[in-house]
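Trainee: protein-v5.csv is the file, holding CSV, C-alpha atoms and all ligand atoms:
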```csv
chain,number,residue,atom,x,y,z
A,555,MET,CA,179.8,24.1,108.8
A,556,LYS,CA,176.3,25.3,109.7
A,557,ILE,CA,175.2,28.4,107.9
A,558,ASN,CA,173.0,30.9,109.7
A,559,GLU,CA,171.7,33.1,106.9
A,560,GLU,CA,170.5,35.8,109.2
A,561,LYS,CA,174.1,36.4,110.3
A,562,ILE,CA,175.4,37.0,106.8
A,563,LYS,CA,175.8,40.7,106.2
A,564,ILE,CA,174.8,40.7,102.5
A,565,LEU,CA,171.5,39.1,103.5
A,566,GLU,CA,170.5,41.6,106.3
A,567,HIS,CA,168.6,44.1,104.3
A,568,CYS,CA,166.6,44.3,101.1
A,569,PRO,CA,168.9,46.0,98.5
A,570,LEU,CA,166.0,47.8,97.0
A,571,CYS,CA,164.1,49.4,99.9
A,572,GLN,CA,166.6,48.7,102.8
A,573,GLU,CA,164.0,46.9,104.9
A,574,LYS,CA,165.6,44.5,107.4
A,575,TYR,CA,164.8,40.9,106.6
A,576,LYS,CA,163.2,38.8,109.3
A,577,LYS,CA,163.6,35.0,109.9
A,578,GLY,CA,160.3,34.2,108.0
A,579,ASP,CA,161.5,36.0,104.9
A,580,PHE,CA,164.1,33.3,104.2
A,581,PHE,CA,163.3,30.1,102.3
A,582,VAL,CA,165.9,27.3,101.7
A,583,VAL,CA,165.7,26.3,98.1
A,584,GLU,CA,168.4,23.7,98.3
A,585,GLU,CA,171.1,22.7,100.8
A,586,GLY,CA,174.2,20.6,100.4
A,587,GLU,CA,177.6,20.0,101.9
A,588,GLN,CA,179.1,23.2,100.5
A,589,GLY,CA,176.3,25.6,101.1
A,590,LYS,CA,172.8,26.5,100.4
A,591,THR,CA,170.6,28.4,98.0
A,592,LEU,CA,168.0,30.8,99.5
A,593,HIS,CA,165.0,32.6,98.2
A,594,ILE,CA,164.3,35.8,100.2
A,595,THR,CA,161.2,37.9,99.8
A,596,CYS,CA,161.1,41.4,101.1
A,597,PRO,CA,158.0,42.0,103.3
A,598,VAL,CA,157.7,45.6,102.3
A,599,CYS,CA,158.5,46.0,98.6
A,600,HIS,CA,157.9,42.3,97.8
A,601,HIS,CA,161.0,42.0,95.5
A,602,ALA,CA,162.8,38.7,95.8
A,603,LEU,CA,166.5,37.7,96.0
A,604,LEU,CA,168.0,34.4,95.1
A,605,ALA,CA,171.2,33.9,97.1
A,606,ARG,CA,173.9,31.3,97.0
A,607,VAL,CA,175.9,30.9,100.2
A,608,THR,CA,179.0,28.8,99.9
A,609,VAL,CA,181.2,27.4,102.6
A,610,THR,CA,184.9,26.9,101.9
A,611,ASN,CA,188.0,26.3,104.0
A,612,SER,CA,188.8,30.0,103.7
A,613,GLY,CA,185.4,31.3,104.7
A,614,ILE,CA,181.8,31.8,103.8
A,615,TYR,CA,180.9,33.5,100.5
A,616,SER,CA,177.5,34.7,99.4
A,617,LEU,CA,176.2,36.0,96.1
A,618,ALA,CA,172.7,37.4,95.7
A,619,LEU,CA,170.7,38.7,92.8
A,620,VAL,CA,167.3,40.2,92.4
A,621,THR,CA,164.9,37.8,90.8
A,622,ASP,CA,161.3,37.6,89.6
A,623,LEU,CA,161.2,33.9,90.5
A,624,ASP,CA,158.8,33.0,93.3
A,625,LYS,CA,159.7,30.2,95.8
A,626,GLU,CA,158.1,27.5,93.8
A,627,ASP,CA,159.9,28.5,90.5
A,628,ALA,CA,163.2,28.6,92.4
A,629,ILE,CA,162.7,25.0,93.7
A,630,ARG,CA,161.6,23.8,90.3
A,631,ILE,CA,164.7,25.3,88.6
A,632,ALA,CA,167.1,24.2,91.3
A,633,HIS,CA,166.1,20.6,91.0
A,634,ARG,CA,165.9,20.5,87.2
A,635,LYS,CA,168.5,18.5,85.3
A,636,SER,CA,171.3,20.6,83.9
A,637,ILE,CA,171.7,21.2,80.2
A,638,SER,CA,174.5,19.0,78.9
A,639,GLN,CA,176.8,19.6,75.9
A,640,LYS,CA,174.9,16.8,74.2
A,641,ASP,CA,171.6,18.7,74.7
A,642,VAL,CA,173.1,21.9,73.2
A,643,LEU,CA,174.5,20.1,70.1
A,644,ALA,CA,171.1,18.3,69.6
A,645,PHE,CA,169.3,21.6,69.8
A,646,HIS,CA,171.7,23.2,67.3
A,647,LYS,CA,171.2,20.3,64.9
A,648,LEU,CA,167.4,20.6,65.3
A,649,ILE,CA,167.5,24.3,64.5
A,650,ARG,CA,169.9,23.8,61.6
A,651,ASN,CA,167.8,21.1,60.0
A,652,ASN,CA,164.5,22.8,60.6
A,653,SER,CA,165.4,26.4,60.4
A,654,GLU,CA,162.4,27.6,58.4
A,655,TYR,CA,160.0,25.8,60.8
A,656,PHE,CA,161.9,27.0,63.8
A,657,MET,CA,161.8,30.7,62.7
A,658,TYR,CA,158.1,30.3,61.8
A,659,SER,CA,157.5,28.9,65.3
A,660,LEU,CA,159.3,31.9,66.9
A,661,THR,CA,157.3,34.5,65.0
A,662,LYS,CA,153.9,32.8,65.2
B,701,ZN,ZN,162.4,45.6,99.8
```
Could you quickly redo this structure as structure tokens?
Ligand SMILES: [Zn+2]
Mentor:
Amino acid sequence: MKINEEKIKILEHCPLCQEKYKKGDFFVVEEGEQGKTLHITCPVCHHALLARVTVTNSGIYSLALVTDLDKEDAIRIAHRKSISQKDVLAFHKLIRNNSEYFMYSLTK
């Protein structure tokens, strides 16, 4: 199903200043079979939203949050490899085995 982001109610107005979004305010960060992620910048207050629009058999759902990410940050993060359980365990082990150095690095 094709998603027209301008027709989705939650994405009509900036939640912070109520300015109506225009077509050029939307930027597609990623798009797939089940939906798309959008970055929207308000032309008046310049705050940005990151919105996920998902298409299911029962309808179209959207979730948006205010972000300080710019378009380039959003693209970089969207295409970054996910953190796995193995990564988390390796990081835990690194901290545990080097706790003094790790704490020193944080306070430096
Ligand atoms: Zn605004």
Trainee: Give me, as a list in words, the set of residues whose atoms come within 7 Å of any atom of ligand ZN 701 (chain B), counting all atoms listed in the file.
Mentor: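 Here is the list of contacting residues: Cys568, Pro569, Leu570, Cys571, Gln572, Glu573, Cys596, Pro597, Val598, Cys599, His600 and His601 of chain A.
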Trainee: Have a look at atom CA of Thr661 of chain A and atom CA of Gln639 of chain A and let me know their distance in Å, one decimal.
Mentor: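 The value is 26.9 Å.
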Trainee: Find the residue from A:Ser638, A:Thr621, A:Thr595, A:Thr610 that sits nearest to Glu566 of chain A; use all atoms listed in the file when measuring.
Mentor: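 Once distances to Glu566 of chain A are computed over all atoms listed in the file, the minimum belongs to A:Thr595.
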Trainee: Report, in Å to a single decimal, how far apart atom CA of Ile594 of chain A and atom CA of Asp624 of chain A are.
Mentor: 9.3 Å
Trainee: Would you compute the distance between atom CA of Gly613 of chain A and atom CA of His567 of chain A? Give it in Å to one decimal.
Mentor: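 Separation between atom CA of Gly613 of chain A and atom CA of His567 of chain A: 21.1 Å.
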Trainee: For Leu623 of chain A, which residue out of A:Thr608, A:Tyr575, A:Lys647, A:Val583 is the nearest one, using only C-alpha atoms?
Mentor: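 The answer is A:Val583, which sits nearest to Leu623 of chain A.
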Trainee: Which residue gives the smallest distance to Ala628 of chain A among A:Phe656, A:Phe645, A:Phe581, A:Tyr615, with all atoms listed in the file counted?
Mentor: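 The answer is A:Phe581, which sits nearest to Ala628 of chain A.
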Trainee: As number ranges by chain, please: the residues near Ile629 of chain A (cut-off 8 Å, only C-alpha atoms, same-chain neighbours under 4 positions excluded).
Mentor: A: 583-584, 625, 633
Trainee: Can you tell me, as a PyMOL selection string, what residues are no more than 6 Å from Gly589 of chain A when counting all atoms listed in the file, ignoring any on the same chain fewer than 3 positions away?
Mentor: chain A and resi 585-586+607-609
